[in-house]
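J.: Here it is: the structure, laid out below.
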Amino acid sequence: MISKKQPWRRRDAGLTARIIVSFAVLTMLYLVFLTVLTYVGFDYISIAVIAGIMILLQWYFSDKIVLWSTGARVVSREQFPELHDIVERIVARNNLPKPRIAVVNTRMPNAFATGKSPKSSIVAVTTGLMDELETEELEGVIAHELAHIKNRDVLVLTLASLFSTVAWYLMRFGFYGAYYGGGGYGGGRSRDSAGGMALVMLVAIITWFVSFLIIRAISRYREFVADKDGALMTGKPSKLASALLKISGQMRRMPTRDLREVEGMNHFFIVPALSGDTFVSIFSTHPPIDQRIKKLMEMEAAMS
């Protein structure tokens, strides 16, 4: 029996601390945002309700939206028996519910997971990924995606982005109100009303931008967690590291036009399109591949 005190079983204290600090800063930012809105008398409740409903609808239909936007189709065991076998082995060893399995017909090697809960989840892989990877490497990638499902990362990032979305809609309503000559709230046109609207707009812009950066940081931290948890599921961190290296290498050889077509799905993919030097790291949804591989190889060394 494997002891939970072994190094690779321990929680990454530094990573956990960064996630906690990120959520704490995000919470404080949103409290300041709401305080300013209350101070100027802005009717933010109706906008918050509208934004909340839109987020809930997006979350509720997220799996359908993702499948539609990527061209993924759910496949049966009869269609892809080996893929189903891999998923079934991993979930059986880790006492997880089996997700639905989808395949995307594209040369781009990648994978993603979506779903509101472990029981309604979907793991999707591309045909390019299955062609590129060996069986144990493919197991590592699928385990990574199952870790996202187990950790409810879709729900975590949806909740984290709630007030960021509210701030975004406030900016849009504010710009429209200014364009059409309205005060933006309360219907007033007084100097005080205009000053209050300017303050709300400024705070909304700051809230949206800072929360955007923090949410991206949380997303990067969750990728590290999914790498570690996925490697624990298979017991083979080096195979996931090898898979990441192959995927990123193949992605660099893909035509830029093809990558831009799926760029909006970056936060779902195990390796984002147009990653690396094309993005400033603080705007990236994923940590650099070399950092991920380094951590996995350190984990492999500790397990041997």
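Residue numbering restarts at 1 for every chain of the structure tokens, chains are lettered A, B, ... in their displayed order, and ligands are numbered from 1 as they appear.
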So which residues touch A:Pro287 within 8 Å, counting only C-alpha atoms, skipping near sequence neighbours fewer than 4 positions away, as a list in words?

T.: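 Selected residues are Arg220, Tyr221, Glu223, Phe224, Ser281, Gln291 and Arg292 of chain A.
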
J.: Nearest residue to A:Leu244 out of A:Met299, A:Leu202, A:Ala226, A:Val141, using only C-alpha atoms?

T.: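 Among A:Met299, A:Leu202, A:Ala226, A:Val141, it is A:Val141 that comes nearest to A:Leu244.
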
J.: Could you pull the residues within 9 Å of A:Ser242, counting only C-alpha atoms, minus those fewer than 6 positions along the same chain, as a VMD selection string?

T.: chain A and resid 133 137 293

J.: Please dump the current selection as a PDB file, in the first residue's frame; keep N, CA and C atoms.

T.:
ATOM      1  N   LEU A 133       0.262   9.775 -30.256  1.00  0.00           N
ATOM      2  CA  LEU A 133       0.735   9.283 -28.966  1.00  0.00           C
ATOM      3  C   LEU A 133       0.700   7.762 -28.852  1.00  0.00           C
ATOM      4  N   GLU A 137       1.046   7.244 -23.155  1.00  0.00           N
ATOM      5  CA  GLU A 137       1.010   8.704 -23.236  1.00  0.00           C
ATOM      6  C   GLU A 137      -0.430   9.185 -23.347  1.00  0.00           C
ATOM      7  N   ILE A 293       6.621  20.087 -17.712  1.00  0.00           N
ATOM      8  CA  ILE A 293       7.429  18.884 -17.884  1.00  0.00           C
ATOM      9  C   ILE A 293       8.438  18.744 -16.745  1.00  0.00           C
TER      10      ILE A 293
END

J.: So which residues touch A:Gly140 within 8 Å, counting only C-alpha atoms, skipping near sequence neighbours fewer than 3 positions away, as number ranges by chain?

T.: A: 136-137, 143-144, 230-231, 234, 236-237, 239-240, 243

J.: Which neighbours of stretch 60-70 of chain A fall inside 8 Å, counting only C-alpha atoms, when residues of the same chain fewer than 2 positions from it are skipped, and could you give them as a PDB file with N, CA and C atoms, in the first residue's frame?

T.:
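part.pdb was written with the following content:
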ATOM      1  N   LEU A  56     -25.216  31.290 -15.986  1.00  0.00           N
ATOM      2  CA  LEU A  56     -25.846  30.009 -15.669  1.00  0.00           C
ATOM      3  C   LEU A  56     -26.276  29.273 -16.933  1.00  0.00           C
ATOM      4  N   LEU A  57     -26.827  30.026 -17.890  1.00  0.00           N
ATOM      5  CA  LEU A  57     -27.221  29.408 -19.151  1.00  0.00           C
ATOM      6  C   LEU A  57     -26.004  28.875 -19.901  1.00  0.00           C
ATOM      7  N   GLN A  58     -24.931  29.675 -19.889  1.00  0.00           N
ATOM      8  CA  GLN A  58     -23.704  29.244 -20.555  1.00  0.00           C
ATOM      9  C   GLN A  58     -23.152  27.992 -19.885  1.00  0.00           C
ATOM     10  N   ALA A  72     -16.762  18.190 -32.104  1.00  0.00           N
ATOM     11  CA  ALA A  72     -16.608  16.892 -31.437  1.00  0.00           C
ATOM     12  C   ALA A  72     -17.920  16.120 -31.480  1.00  0.00           C
ATOM     13  N   ARG A  73     -17.817  14.804 -31.575  1.00  0.00           N
ATOM     14  CA  ARG A  73     -19.011  13.963 -31.539  1.00  0.00           C
ATOM     15  C   ARG A  73     -18.800  12.834 -30.540  1.00  0.00           C
ATOM     16  N   VAL A 104     -12.773  14.381 -31.958  1.00  0.00           N
ATOM     17  CA  VAL A 104     -12.752  15.487 -32.924  1.00  0.00           C
ATOM     18  C   VAL A 104     -11.882  15.066 -34.098  1.00  0.00           C
ATOM     19  N   THR A 114     -15.085  18.729 -20.479  1.00  0.00           N
ATOM     20  CA  THR A 114     -16.126  19.688 -20.152  1.00  0.00           C
ATOM     21  C   THR A 114     -17.241  18.966 -19.418  1.00  0.00           C
ATOM     22  N   GLY A 115     -18.162  19.730 -18.870  1.00  0.00           N
ATOM     23  CA  GLY A 115     -19.265  19.130 -18.134  1.00  0.00           C
ATOM     24  C   GLY A 115     -19.472  19.821 -16.802  1.00  0.00           C
ATOM     25  N   LYS A 116     -20.706  19.818 -16.339  1.00  0.00           N
ATOM     26  CA  LYS A 116     -21.068  20.524 -15.108  1.00  0.00           C
ATOM     27  C   LYS A 116     -20.700  19.748 -13.855  1.00  0.00           C
ATOM     28  N   SER A 121     -20.005  14.645 -17.356  1.00  0.00           N
ATOM     29  CA  SER A 121     -18.803  15.144 -18.008  1.00  0.00           C
ATOM     30  C   SER A 121     -18.538  14.463 -19.350  1.00  0.00           C
ATOM     31  N   ILE A 122     -17.678  15.105 -20.119  1.00  0.00           N
ATOM     32  CA  ILE A 122     -17.254  14.594 -21.423  1.00  0.00           C
ATOM     33  C   ILE A 122     -15.751  14.777 -21.539  1.00  0.00           C
ATOM     34  N   VAL A 262      -9.146  27.751 -33.619  1.00  0.00           N
ATOM     35  CA  VAL A 262      -9.533  27.112 -32.346  1.00  0.00           C
ATOM     36  C   VAL A 262      -8.945  27.845 -31.149  1.00  0.00           C
TER      37      VAL A 262
END

J.: Can you pull out every residue within 12 Å of A:Arg152, counting only C-alpha atoms, but drop anything in the same chain fewer than 5 positions away, and send it as a PyMOL selection string?

T.: chain A and resi 113-121+145-147+157-159+222+225-226

J.: For the selection you just gave me, I'd like the residues written to a file as a compact mmCIF listing (two decimals), in the first residue's frame, keeping C-alpha atoms.

T.:
# COMPACT_ATOMS: atom_id res chain seq x y z
CA ALA A 113 -12.84 17.97 -20.83
CA THR A 114 -16.13 19.69 -20.15
CA GLY A 115 -19.27 19.13 -18.13
CA LYS A 116 -21.07 20.52 -15.11
CA SER A 117 -20.27 17.59 -12.81
CA PRO A 118 -18.35 14.30 -12.89
CA LYS A 119 -21.55 12.44 -13.79
CA SER A 120 -22.35 14.68 -16.78
CA SER A 121 -18.80 15.14 -18.01
CA GLU A 145 -8.59 15.65 -18.33
CA LEU A 146 -10.29 13.37 -15.78
CA ALA A 147 -8.45 15.30 -13.06
CA LEU A 157 -13.59 29.03 -13.14
CA THR A 158 -17.27 29.79 -13.84
CA LEU A 159 -17.78 31.06 -10.29
CA ARG A 222 -5.32 24.43 -12.07
CA VAL A 225 -2.88 20.50 -10.28
CA ALA A 226 -4.43 18.51 -13.14
